[in-house]
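Enquirer: Have a look at this one before I ask anything.
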Amino acid sequence: MTAILVSRAVFAQTLQRLRTHFEVDANEDDTIFSRAQLIQRLQGKAGVLTTGSERIDAQVLAACPQLRVVANMAVGYNNFDIAACTAAGVLATNTPDVLTETTADFGFALMMAAARRITESEHFLRRGEWKKWCYDMFTGSDVHGATLGILGMGRIGQGIARRGALGFGMTVIYHNRSRVAPEIERALNARYVDKAELLAQADHLVLVVPYSAQSHHAIGAAELAQMKPTATLTNVARGGIVDDVALAQALREGRIAAAALDVFEGEPTVHPDLLTVPNIVLTPHIASATGATRRAMAELAADNLIAALTGGTAPTPINAADLLRRA
Ligand code: 8YV
């Protein structure tokens with residue numbers, strides 16, 4: 001029987017289903033494997049179900065010559081070196097679409113929490129500091145009717161834009177590697193702008209761009225300086241897109257009003273500067289975390305492994321076309 005590794009804990013039903021097709025080595029203790037442990041557990045395995053915490057690169061692939069499929073339970077796949085996968089003849093897959101609306105909900109919620117100072121005021125209340133009402137207590141900025149800026153207009157970016165335009169009467173501007181189709185722009189009432197205009201005009205800037213060498217620190221001190229002092233910044237994409245130290249300093253100095261982060265450079269470690277800034281909402285990478293969506297992600301990752309290793313076609317491949325070209 002073909003052997004696979006499930007590198008982190010997942011739903012029992014997903015494991016059960018995988019066990020009807022494969023000999024499954026499951027990491028039920030949910031240990032975070034070191035690179036050496038991962039390589040060791042991958043010996044003799046044709047497939048692996050990964051999450052964002054396992055890095056699959058040329059070194060791992062060279063040490064695991066039997067590996068044929070790497071199935072990420074995430075839409076983002078910056079933990080995979082795709083060129084190395086293709087060079088090794090390994091199919092990489094991800095889990096797009098099933099998490100789009102859930103993640104867009106969360107991005108919008110974080111943006112609203114930053115704009116209306118929800119967690120900051122809750123901390124104040126829990127500390128027992130609420131002694132009287134005051135006319136300017138925790139005044140924030142409006143979301144309805146404001147200008148929503150989106151950096152990265154993929155599926156999740158469009159979901160957030162739709163919520164803003166159709167639900168909250170926001171003016172939507174966006175910047176992306178390429179413009180989206182005119183009919184999508186019309187439906188979202190979204191206007192393409194360059195990055196400088198996005199930074200200068202957005203009342204609420206939301207980052208939904210994939211992580212790459214090009215997007216590393218796309219928002220640093222220089223970019224924060226171009227934003228309105230009343231603006232908020234929300235990141236539901238990947239840690240490393242924002243320079244966390246520069247953000248903490250900008251928040252402390254009131255160069256922007258507030259921020260909300262679900263992702264951090266070096267997570268689960270969070271830069272200590274962020275932890276002591278009051279005007280920031282911090283969540284532990286949970287934008288896709290609803291029960292239904294996490295189940296759908298696990299099932300889609302399993303679908304990909306089952307199809308690819310039993311002679312079928314993986315539903316959501318990343319490098320299938322590159323592999324074909326290489327063949
Ligand atoms: C995952 C994510 O939960 O899909 C993504 O890209 O960031 C999250 O939905 C996380 O990456 C764990 O795999």
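In the structure tokens, each chain is lettered A, B, ... as it comes, each chain's residues begin at 1, and ligands are numbered from 1 in order of appearance.
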Report as a PyMOL selection string: the residues of segment 138-280 of chain A with a DSSP assignment of helix (DSSP H, G or I), based on the backbone of this structure.
Expert: chain A and resi 155-168+182-188+195-201+221-226+244-252+272-275
Enquirer: Write the residues you've just listed into a file as a short mmCIF file (atom, residue, chain, number, x, y, z; two decimals), in the first residue's frame, and include N, CA and C atoms for each of them.
Expert:
```
data_model
loop_
_atom_site.label_atom_id
_atom_site.label_comp_id
_atom_site.auth_asym_id
_atom_site.auth_seq_id
_atom_site.Cartn_x
_atom_site.Cartn_y
_atom_site.Cartn_z
N ARG A 155 -8.74 36.34 -4.86
CA ARG A 155 -10.08 35.93 -4.43
C ARG A 155 -10.46 36.53 -3.08
N ILE A 156 -9.52 36.48 -2.11
CA ILE A 156 -9.87 36.99 -0.77
C ILE A 156 -9.97 38.52 -0.80
N GLY A 157 -9.08 39.16 -1.54
CA GLY A 157 -9.13 40.62 -1.67
C GLY A 157 -10.47 41.05 -2.26
N GLN A 158 -10.92 40.31 -3.28
CA GLN A 158 -12.22 40.64 -3.90
C GLN A 158 -13.36 40.42 -2.91
N GLY A 159 -13.24 39.39 -2.08
CA GLY A 159 -14.28 39.12 -1.06
C GLY A 159 -14.38 40.28 -0.07
N ILE A 160 -13.22 40.81 0.32
CA ILE A 160 -13.22 41.93 1.27
C ILE A 160 -13.76 43.19 0.57
N ALA A 161 -13.36 43.38 -0.68
CA ALA A 161 -13.86 44.54 -1.45
C ALA A 161 -15.38 44.48 -1.59
N ARG A 162 -15.90 43.28 -1.85
CA ARG A 162 -17.35 43.12 -2.01
C ARG A 162 -18.08 43.49 -0.72
N ARG A 163 -17.56 43.02 0.39
CA ARG A 163 -18.17 43.37 1.68
C ARG A 163 -18.17 44.90 1.88
N GLY A 164 -17.06 45.52 1.56
CA GLY A 164 -16.94 46.96 1.76
C GLY A 164 -17.86 47.75 0.84
N ALA A 165 -17.84 47.39 -0.45
CA ALA A 165 -18.60 48.16 -1.43
C ALA A 165 -20.10 47.95 -1.27
N LEU A 166 -20.50 46.66 -1.16
CA LEU A 166 -21.93 46.36 -1.18
C LEU A 166 -22.56 46.39 0.21
N GLY A 167 -21.78 46.13 1.23
CA GLY A 167 -22.35 46.08 2.58
C GLY A 167 -22.21 47.39 3.34
N PHE A 168 -21.15 48.14 3.04
CA PHE A 168 -20.84 49.31 3.88
C PHE A 168 -20.67 50.60 3.07
N PRO A 182 -12.44 44.02 -16.14
CA PRO A 182 -13.33 45.19 -16.00
C PRO A 182 -14.67 44.85 -15.35
N GLU A 183 -15.21 43.65 -15.65
CA GLU A 183 -16.53 43.31 -15.06
C GLU A 183 -16.39 43.13 -13.54
N ILE A 184 -15.23 42.64 -13.09
CA ILE A 184 -15.03 42.51 -11.63
C ILE A 184 -14.90 43.91 -11.02
N GLU A 185 -14.13 44.78 -11.67
CA GLU A 185 -13.99 46.16 -11.18
C GLU A 185 -15.37 46.81 -11.08
N ARG A 186 -16.20 46.60 -12.10
CA ARG A 186 -17.54 47.22 -12.10
C ARG A 186 -18.38 46.66 -10.96
N ALA A 187 -18.36 45.33 -10.80
CA ALA A 187 -19.20 44.70 -9.78
C ALA A 187 -18.79 45.14 -8.37
N LEU A 188 -17.50 45.39 -8.19
CA LEU A 188 -17.00 45.77 -6.85
C LEU A 188 -16.88 47.28 -6.72
N LYS A 195 0.62 52.05 -6.15
CA LYS A 195 0.78 51.80 -4.71
C LYS A 195 0.81 53.11 -3.92
N ALA A 196 1.43 54.13 -4.50
CA ALA A 196 1.54 55.41 -3.78
C ALA A 196 0.15 55.99 -3.53
N GLU A 197 -0.73 55.91 -4.54
CA GLU A 197 -2.08 56.45 -4.35
C GLU A 197 -2.87 55.59 -3.36
N LEU A 198 -2.66 54.29 -3.41
CA LEU A 198 -3.33 53.40 -2.45
C LEU A 198 -2.98 53.80 -1.02
N LEU A 199 -1.69 54.01 -0.79
CA LEU A 199 -1.23 54.36 0.56
C LEU A 199 -1.78 55.72 0.98
N ALA A 200 -1.79 56.66 0.05
CA ALA A 200 -2.19 58.03 0.40
C ALA A 200 -3.69 58.18 0.59
N GLN A 201 -4.48 57.38 -0.15
CA GLN A 201 -5.94 57.59 -0.16
C GLN A 201 -6.72 56.69 0.80
N ALA A 221 8.59 51.37 7.06
CA ALA A 221 8.52 52.75 7.57
C ALA A 221 8.16 53.74 6.45
N ALA A 222 8.74 53.58 5.26
CA ALA A 222 8.51 54.55 4.17
C ALA A 222 7.04 54.52 3.74
N GLU A 223 6.48 53.32 3.68
CA GLU A 223 5.07 53.20 3.23
C GLU A 223 4.13 53.71 4.32
N LEU A 224 4.43 53.38 5.57
CA LEU A 224 3.57 53.85 6.68
C LEU A 224 3.56 55.38 6.72
N ALA A 225 4.69 55.98 6.36
CA ALA A 225 4.78 57.45 6.37
C ALA A 225 3.88 58.08 5.30
N GLN A 226 3.54 57.31 4.28
CA GLN A 226 2.69 57.86 3.21
C GLN A 226 1.21 57.72 3.52
N ASP A 244 7.20 44.53 11.10
CA ASP A 244 6.50 44.63 12.40
C ASP A 244 7.11 45.70 13.31
N VAL A 245 8.42 45.86 13.26
CA VAL A 245 9.08 46.85 14.12
C VAL A 245 8.69 48.26 13.68
N ALA A 246 8.72 48.48 12.37
CA ALA A 246 8.33 49.80 11.83
C ALA A 246 6.87 50.09 12.14
N LEU A 247 6.02 49.06 12.08
CA LEU A 247 4.60 49.26 12.37
C LEU A 247 4.40 49.65 13.84
N ALA A 248 5.07 48.92 14.73
CA ALA A 248 4.92 49.22 16.16
C ALA A 248 5.33 50.67 16.43
N GLN A 249 6.40 51.10 15.79
CA GLN A 249 6.87 52.48 16.00
C GLN A 249 5.88 53.49 15.42
N ALA A 250 5.35 53.21 14.24
CA ALA A 250 4.38 54.13 13.61
C ALA A 250 3.11 54.25 14.47
N LEU A 251 2.69 53.14 15.07
CA LEU A 251 1.50 53.17 15.92
C LEU A 251 1.77 53.96 17.20
N ARG A 252 2.94 53.74 17.74
CA ARG A 252 3.30 54.43 18.98
C ARG A 252 3.38 55.94 18.76
N PRO A 272 8.11 41.54 20.34
CA PRO A 272 7.66 42.14 21.62
C PRO A 272 7.19 43.58 21.48
N ASP A 273 7.72 44.32 20.52
CA ASP A 273 7.27 45.72 20.34
C ASP A 273 5.77 45.78 20.06
N LEU A 274 5.25 44.77 19.34
CA LEU A 274 3.82 44.80 18.99
C LEU A 274 2.95 44.55 20.22
N LEU A 275 3.49 43.77 21.16
CA LEU A 275 2.68 43.36 22.32
C LEU A 275 2.41 44.50 23.29
#
```
Enquirer: Once you count only C-alpha atoms and all ligand atoms, which residues end up within 6 Å of ligand 1, and could you hand them over as JSON, numbers by chain?
Expert: {"A": [51, 52, 73, 74, 75, 76, 288]}
Enquirer: Given the selection you just returned, output its residues as a file containing C-alpha atoms, formatted as a PDB file, in the first residue's frame.
Expert:
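The file below, result_24.pdb, is the result:
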```
ATOM      1  CA  THR A  51       0.354  22.862   6.788  1.00  0.00           C
ATOM      2  CA  GLY A  52       2.136  26.201   6.626  1.00  0.00           C
ATOM      3  CA  MET A  73      -3.728  22.490   3.849  1.00  0.00           C
ATOM      4  CA  ALA A  74      -3.577  26.224   3.099  1.00  0.00           C
ATOM      5  CA  VAL A  75      -4.128  28.461   0.113  1.00  0.00           C
ATOM      6  CA  GLY A  76      -0.777  30.202   0.654  1.00  0.00           C
ATOM      7  CA  SER A 288      -9.651  30.660   8.016  1.00  0.00           C
TER       8      SER A 288
END
```
Enquirer: List every residue of segment 126-218 of chain A that DSSP, applied to the backbone, labels as strand (DSSP E or B), and write the result as a compact mmCIF listing (two decimals) with N, CA and C atoms, in the first residue's frame.
Expert:
```
# COMPACT_ATOMS: atom_id res chain seq x y z
N THR A 147 -12.92 55.06 2.51
CA THR A 147 -12.20 54.49 1.37
C THR A 147 -11.43 53.25 1.83
N LEU A 148 -11.78 52.13 1.21
CA LEU A 148 -11.14 50.85 1.53
C LEU A 148 -10.03 50.61 0.51
N GLY A 149 -8.83 50.43 0.98
CA GLY A 149 -7.71 50.14 0.08
C GLY A 149 -7.32 48.67 0.21
N ILE A 150 -7.17 48.01 -0.93
CA ILE A 150 -6.81 46.58 -0.89
C ILE A 150 -5.49 46.39 -1.63
N LEU A 151 -4.51 45.80 -0.96
CA LEU A 151 -3.26 45.45 -1.64
C LEU A 151 -3.32 43.95 -1.89
N THR A 171 -15.88 53.24 -0.73
CA THR A 171 -15.22 53.45 -2.02
C THR A 171 -14.03 52.50 -2.02
N VAL A 172 -13.91 51.67 -3.07
CA VAL A 172 -12.83 50.67 -3.08
C VAL A 172 -11.74 51.06 -4.08
N ILE A 173 -10.52 51.12 -3.59
CA ILE A 173 -9.36 51.27 -4.48
C ILE A 173 -8.45 50.08 -4.22
N TYR A 174 -7.69 49.67 -5.24
CA TYR A 174 -6.83 48.50 -5.04
C TYR A 174 -5.57 48.62 -5.85
N HIS A 175 -4.56 47.90 -5.39
CA HIS A 175 -3.33 47.75 -6.17
C HIS A 175 -3.00 46.27 -6.21
N ALA A 190 -14.64 49.04 -7.94
CA ALA A 190 -13.24 49.16 -7.48
C ALA A 190 -12.39 49.84 -8.54
N ARG A 191 -11.52 50.72 -8.09
CA ARG A 191 -10.64 51.47 -9.01
C ARG A 191 -9.20 51.06 -8.77
N TYR A 192 -8.50 50.74 -9.88
CA TYR A 192 -7.08 50.37 -9.80
C TYR A 192 -6.25 51.63 -9.62
N HIS A 204 -8.78 52.75 5.23
CA HIS A 204 -8.53 51.44 5.83
C HIS A 204 -7.82 50.59 4.78
N LEU A 205 -6.58 50.23 5.06
CA LEU A 205 -5.78 49.47 4.10
C LEU A 205 -5.72 48.01 4.55
N VAL A 206 -6.10 47.09 3.66
CA VAL A 206 -6.09 45.66 4.00
C VAL A 206 -5.11 44.95 3.07
N LEU A 207 -4.22 44.14 3.65
CA LEU A 207 -3.21 43.42 2.87
C LEU A 207 -3.65 41.98 2.65
```
Enquirer: Set the distance at 12 Å and use only C-alpha atoms: which residues neighbour Asp29 of chain A once local chain neighbours fewer than 6 positions away are removed? I'd like the list as a ChimeraX atom specification.
Expert: /A:6-10
Enquirer: Could you save the residues just selected, with all heavy atoms, as a PDB file, in the first residue's frame?
Expert:
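What follows is the written file selection-v6.pdb:
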```
ATOM      1  N   VAL A   6       0.932  12.453   7.346  1.00  0.00           N
ATOM      2  CA  VAL A   6       0.115  13.634   7.653  1.00  0.00           C
ATOM      3  C   VAL A   6       0.901  14.352   8.737  1.00  0.00           C
ATOM      4  O   VAL A   6       1.014  13.863   9.863  1.00  0.00           O
ATOM      5  CB  VAL A   6      -1.307  13.235   8.107  1.00  0.00           C
ATOM      6  CG1 VAL A   6      -2.111  14.464   8.517  1.00  0.00           C
ATOM      7  CG2 VAL A   6      -2.017  12.471   6.984  1.00  0.00           C
ATOM      8  N   SER A   7       1.483  15.490   8.384  1.00  0.00           N
ATOM      9  CA  SER A   7       2.571  16.042   9.202  1.00  0.00           C
ATOM     10  C   SER A   7       2.105  16.811  10.441  1.00  0.00           C
ATOM     11  O   SER A   7       2.922  17.150  11.283  1.00  0.00           O
ATOM     12  CB  SER A   7       3.454  16.942   8.347  1.00  0.00           C
ATOM     13  OG  SER A   7       2.702  18.061   7.954  1.00  0.00           O
ATOM     14  N   ARG A   8       0.800  17.104  10.546  1.00  0.00           N
ATOM     15  CA  ARG A   8       0.257  17.761  11.740  1.00  0.00           C
ATOM     16  C   ARG A   8      -1.077  17.084  12.070  1.00  0.00           C
ATOM     17  O   ARG A   8      -1.619  16.335  11.257  1.00  0.00           O
ATOM     18  CB  ARG A   8       0.013  19.260  11.461  1.00  0.00           C
ATOM     19  CG  ARG A   8       1.255  20.072  11.145  1.00  0.00           C
ATOM     20  CD  ARG A   8       2.145  20.279  12.359  1.00  0.00           C
ATOM     21  NE  ARG A   8       1.411  20.783  13.502  1.00  0.00           N
ATOM     22  CZ  ARG A   8       1.099  22.073  13.715  1.00  0.00           C
ATOM     23  NH1 ARG A   8       1.520  22.989  12.874  1.00  0.00           N
ATOM     24  NH2 ARG A   8       0.416  22.442  14.778  1.00  0.00           N
ATOM     25  N   ALA A   9      -1.606  17.363  13.265  1.00  0.00           N
ATOM     26  CA  ALA A   9      -2.902  16.793  13.623  1.00  0.00           C
ATOM     27  C   ALA A   9      -3.982  17.340  12.688  1.00  0.00           C
ATOM     28  O   ALA A   9      -3.949  18.520  12.329  1.00  0.00           O
ATOM     29  CB  ALA A   9      -3.232  17.153  15.073  1.00  0.00           C
ATOM     30  N   VAL A  10      -4.897  16.474  12.272  1.00  0.00           N
ATOM     31  CA  VAL A  10      -6.060  16.919  11.474  1.00  0.00           C
ATOM     32  C   VAL A  10      -7.303  16.189  11.981  1.00  0.00           C
ATOM     33  O   VAL A  10      -7.227  15.374  12.906  1.00  0.00           O
ATOM     34  CB  VAL A  10      -5.913  16.670   9.947  1.00  0.00           C
ATOM     35  CG1 VAL A  10      -4.923  17.600   9.318  1.00  0.00           C
ATOM     36  CG2 VAL A  10      -5.616  15.219   9.636  1.00  0.00           C
TER      37      VAL A  10
END
```
Enquirer: Please, which residues in segment 67-123 of chain A fall within 7 Å of segment 53-63 of chain A when counting only C-alpha atoms, and what is the closest atom pair and distance in Å to one decimal for each, ordered by chain then residue number, as JSON lines?
Expert:
```
{"residue": "A:Asn79", "atom": "CA", "partner": "A:Arg55", "partner_atom": "CA", "distance": 4.7}
{"residue": "A:Phe80", "atom": "CA", "partner": "A:Ile56", "partner_atom": "CA", "distance": 4.9}
{"residue": "A:Asp81", "atom": "CA", "partner": "A:Asp57", "partner_atom": "CA", "distance": 5.0}
{"residue": "A:Ala84", "atom": "CA", "partner": "A:Ala58", "partner_atom": "CA", "distance": 5.2}
{"residue": "A:Ala88", "atom": "CA", "partner": "A:Leu61", "partner_atom": "CA", "distance": 6.9}
```
Enquirer: Which residue gives the smallest distance to Asn176 of chain A among A:Asn189, A:Gln16, A:Ser215, A:Thr93, with only C-alpha atoms counted?
Expert: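 With only C-alpha atoms as the atom set, the closest residue is A:Ser215.
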Enquirer: Between atom CA of Asp203 of chain A and atom CA of Leu125 of chain A, what is the spacing in Å?
Expert: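 Computing it gives 26.7 Å between the two atoms.
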Enquirer: Need to verify the contact set: Ala12 of chain A, 12 Å, only C-alpha atoms, exclusion of same-chain residues closer than 4 positions in sequence. Can you return it as a PyMOL selection string?
Expert: chain A and resi 6+8+16-19+26-28+295+298-299
Enquirer: Record the distance separating atom CA of Asn235 of chain A and atom CA of Ser34 of chain A, expressed in Å with one decimal.
Expert: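 Taking atom CA of Asn235 of chain A and atom CA of Ser34 of chain A, their separation equals 27.6 Å.
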Enquirer: In Å, rounded to a single decimal, give me how far atom CA of Ile318 of chain A is from atom CA of Ile82 of chain A.
Expert: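 Going from atom CA of Ile82 of chain A over to atom CA of Ile318 of chain A, I get 8.1 Å.
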Enquirer: Name all residues at most 9 Å from Gly266 of chain A (count only C-alpha atoms; drop same-chain ones fewer than 5 positions away) and give them as a PyMOL selection string.
Expert: chain A and resi 239-240+271
Enquirer: Using only N, CA, C and O atoms, please write the residues we just selected to a file, as a PDB file, in the first residue's frame.
Expert:
```pdb
ATOM      1  N   GLY A 239       2.891  36.924   7.509  1.00  0.00           N
ATOM      2  CA  GLY A 239       3.902  37.670   8.229  1.00  0.00           C
ATOM      3  C   GLY A 239       5.043  37.977   7.279  1.00  0.00           C
ATOM      4  O   GLY A 239       5.240  37.254   6.295  1.00  0.00           O
ATOM      5  N   GLY A 240       5.751  39.069   7.546  1.00  0.00           N
ATOM      6  CA  GLY A 240       6.868  39.424   6.674  1.00  0.00           C
ATOM      7  C   GLY A 240       6.474  40.405   5.587  1.00  0.00           C
ATOM      8  O   GLY A 240       7.330  41.061   4.991  1.00  0.00           O
ATOM      9  N   HIS A 271       6.754  39.775  17.627  1.00  0.00           N
ATOM     10  CA  HIS A 271       7.756  40.754  18.040  1.00  0.00           C
ATOM     11  C   HIS A 271       7.273  41.485  19.300  1.00  0.00           C
ATOM     12  O   HIS A 271       6.154  42.000  19.336  1.00  0.00           O
TER      13      HIS A 271
END
```
Enquirer: So, counting only C-alpha atoms, which residue among A:Met111, A:Val236, A:Leu42, A:Ile241 is closest to His217 of chain A?
Expert: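 For His217 of chain A, the nearest of the given residues is A:Ile241.
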Enquirer: Report as a list in words all protein, DNA and RNA residues lying within 12 Å of Arg117 of chain A, evaluated on only C-alpha atoms, omitting residues in the same chain fewer than 6 positions from it.
Expert: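 Answer for this query is Ala109, Leu110, Met111, His123, Phe124, Met137, Phe138, Thr139, Gly140, Ser141, Asp142, Val143, Thr232, Ala257, Ala258, Ala259, Ala260, Pro278, Asn279, Ile280 and Val281 of chain A.
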